[in-house]
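Q: This is the structure I want to talk about, given as C-alpha cells.
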Amino acid sequence: LLVEFDEFAFDVIAPKYAPSDIQYNEAAVGTKLKAQDLPTSGKRLLDGITQKNPLETLTVEEKQLVWMSRDLLWQDPTALPAFLRAVNWTSRLHIAEAHKYLRVWRKPLYLADALELLDYRYADTCVRELAVKWLDEMHDSELQQYLLQLVQCLKYENHHDSALSRFLIRRGLKNPYQIGHYLFWHLKAEYHSLEVCERFGLMLEEYLKYAGEPSRQLFIQCMTLKRFEFIAEKIFKAKHTQTPEQCKKLLRKELQKLNRDLPEFMQIPLNPRWKAKKIKVDKCRYMGSKKVPLWIVFENADPSASDIVVLFKSGDDLRQDMLIIQLLSVMDEMWLRSKLDLHLKPYKVIATGVNRKGEGVGMIEIVLGSETVNTINVENGGAFNEKAINCYLLQHSKGENLRKARETFARSCAGYCVATFCSWNW
C-alpha cells in the first residue's frame, strides 16, 4: 500500500476551532436589525436586494444591509443566496454566525432553487451540504431533469469526496435505470477533459463497482457506440472517394457485422427504457450533412411498439443541444404546472464522449411522423405562401380534428417562440 501525502513549502497551521455554539459578539459580527428598526423604504430596498439577479454582484452597502438584516431574512427561502454573498468568509466569527442561521433557514418552496447554492461562489462545506440535503427530497423524475447541472457542480467541490458526489452515486445506485444511467453518460461525456478526468473517473469507477447488471448494459452500449464511431469514420472517408451506391453497400456491410455481435437485446443511451434487438440494416442510411451522421433503425424488443430510430453523430459536440432541450423541458414543466399546455415535444439528445480525433459523439432522437416547415412550404407553394401551413393542416385533418390541429399548432408556436427568445437572451 502506497500512501502519498500533499507537500507544502511551509508549515500548515490550522486556526483555533470555533465551536458552533460560539457566543454572540455584536462587536465582532456586527449589529442585528429588528423589524421596527427598518423603515418602509429600507424594507423595499432589502426586498430588491434579495430578489436581485444572481449574476449581479452586491455592493458593499447592500452586503452590509443584508448582513444586519439576517434576523429578518431567515424565514425567506429566496433570501439565502443574498445572505451568503453578504457573509465575510475570511472571518471565522462571521462563518460561525452564518452556520448558525443555516441550521434554521427555511427550505425553498421549489427544491430546484437549492441548485444555486452549489455554484462556485458558495465553497463552504456547510452551505453545499445543506443544498444536497434539500435536493435529496426531490423525486427521481425531477432530479433527472437537473442532473446535467449537478454533474457540472461537481467541478466546484473542494475535494473528490463530497456530499454532492456521495449523493449522486447513492441516488444513481438506488435507481440505476433512470438516475444512474444518465449520471454515467453525463460523467463520461466530459471524462476526456484533463480538468475533471480524475474526479469523474473516480465517480464512474465507484458507481460501476456497485451497479451490478446495469453496469453490464452500460458496457454493451459503450462497445456499440465505439463500433458506430468506427463505421461513421469509414463512411466519412468513403464519401469523398466512392460513389453513393458504394457507400450504401459499405454501410450495410459494416452494420451486418455489428448485428452479429449484438446481444439478444440492449438499451439505448438516449433512454434506458428503450430496449432494442437487432439493427434493421435495410432501413439505415447515412445523411448528407458535413459530418455524415448515421440514421440507425433498431428493432424494438417490444413487438407491439414501433421501431427505435436514432441519429448517431460523430464530430459534433451535442452538449449545447442537451442544454437547450433541457431548458425547453423545464419551461414546459413550469407551464404544465400552471395548467398551460403548449404542446411542446422536446426530443432527446445525449452526448456520450469524444471520438479518436477528440470531437464530440452522441445520439439524437428522431421524431417519427413529423415534417419540417421547409418541407411543408415547398410542397404548398413556397416560403412566401402565407397559407402553406393551413393547406397542410387541411390535407391531414377534417372537421373537429382540424380545429384541434390549428389550436395545437398555434399553442406550440407560442411556446417555442417564448422558449427560443428566453434561450437566446439567456
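Just remember, in the C-alpha cells the first chain shown is A, the second B, etc., residues are 1-based per chain, and ligands are 1-based in the order shown.
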Might you pull out every residue within 7 Å of Lys188 (chain A), with only C-alpha atoms counted and same-chain residues fewer than 4 positions away left off, and present them as number ranges by chain?

A: A: 184, 352-353

Q: Quick one: residues within 12 Å of region 400-410 of chain A, only C-alpha atoms counted, chain neighbours fewer than 3 positions away excluded, as number ranges by chain?

A: A: 341-345, 373, 389-397, 413-417

Q: If you keep C-alpha atoms, can you produce a file of those selected residues as an mmCIF file, in the first residue's frame?

A:
```cif
data_model
loop_
_atom_site.group_PDB
_atom_site.id
_atom_site.type_symbol
_atom_site.label_atom_id
_atom_site.label_comp_id
_atom_site.auth_asym_id
_atom_site.auth_seq_id
_atom_site.Cartn_x
_atom_site.Cartn_y
_atom_site.Cartn_z
ATOM 1 C CA ASP A 341 -50.329 23.042 -22.242
ATOM 2 C CA LEU A 342 -48.367 24.490 -25.165
ATOM 3 C CA HIS A 343 -47.807 21.085 -26.807
ATOM 4 C CA LEU A 344 -44.018 21.193 -26.770
ATOM 5 C CA LYS A 345 -42.233 17.996 -27.763
ATOM 6 C CA VAL A 373 -41.673 23.666 -42.004
ATOM 7 C CA ILE A 389 -49.301 25.745 -43.163
ATOM 8 C CA ASN A 390 -53.090 25.992 -43.322
ATOM 9 C CA CYS A 391 -53.118 23.989 -46.583
ATOM 10 C CA TYR A 392 -51.049 21.279 -44.921
ATOM 11 C CA LEU A 393 -53.421 21.125 -41.933
ATOM 12 C CA LEU A 394 -56.429 20.918 -44.288
ATOM 13 C CA GLN A 395 -54.842 17.971 -46.104
ATOM 14 C CA HIS A 396 -54.366 15.997 -42.890
ATOM 15 C CA SER A 397 -57.353 17.000 -40.727
ATOM 16 C CA CYS A 413 -45.783 28.199 -31.982
ATOM 17 C CA ALA A 414 -46.407 30.409 -28.946
ATOM 18 C CA GLY A 415 -44.476 28.045 -26.680
ATOM 19 C CA TYR A 416 -41.471 27.664 -28.950
ATOM 20 C CA CYS A 417 -41.349 31.419 -29.658
#
```

Q: Using only C-alpha atoms, which protein or nucleic acid residues come within 6 Å of Asp307 (chain A)? Drop anything in the same chain fewer than 3 positions from it, and give the result as a list in words.

A: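 In the requested form, the answer reads Phe298, Glu299 and Asn300 of chain A.
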
Q: Please compute the CA of Ile235 (chain A)-CA of Arg319 (chain A) distance, one decimal, in Å.

A: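 Computing it gives 23.9 Å between the two atoms.
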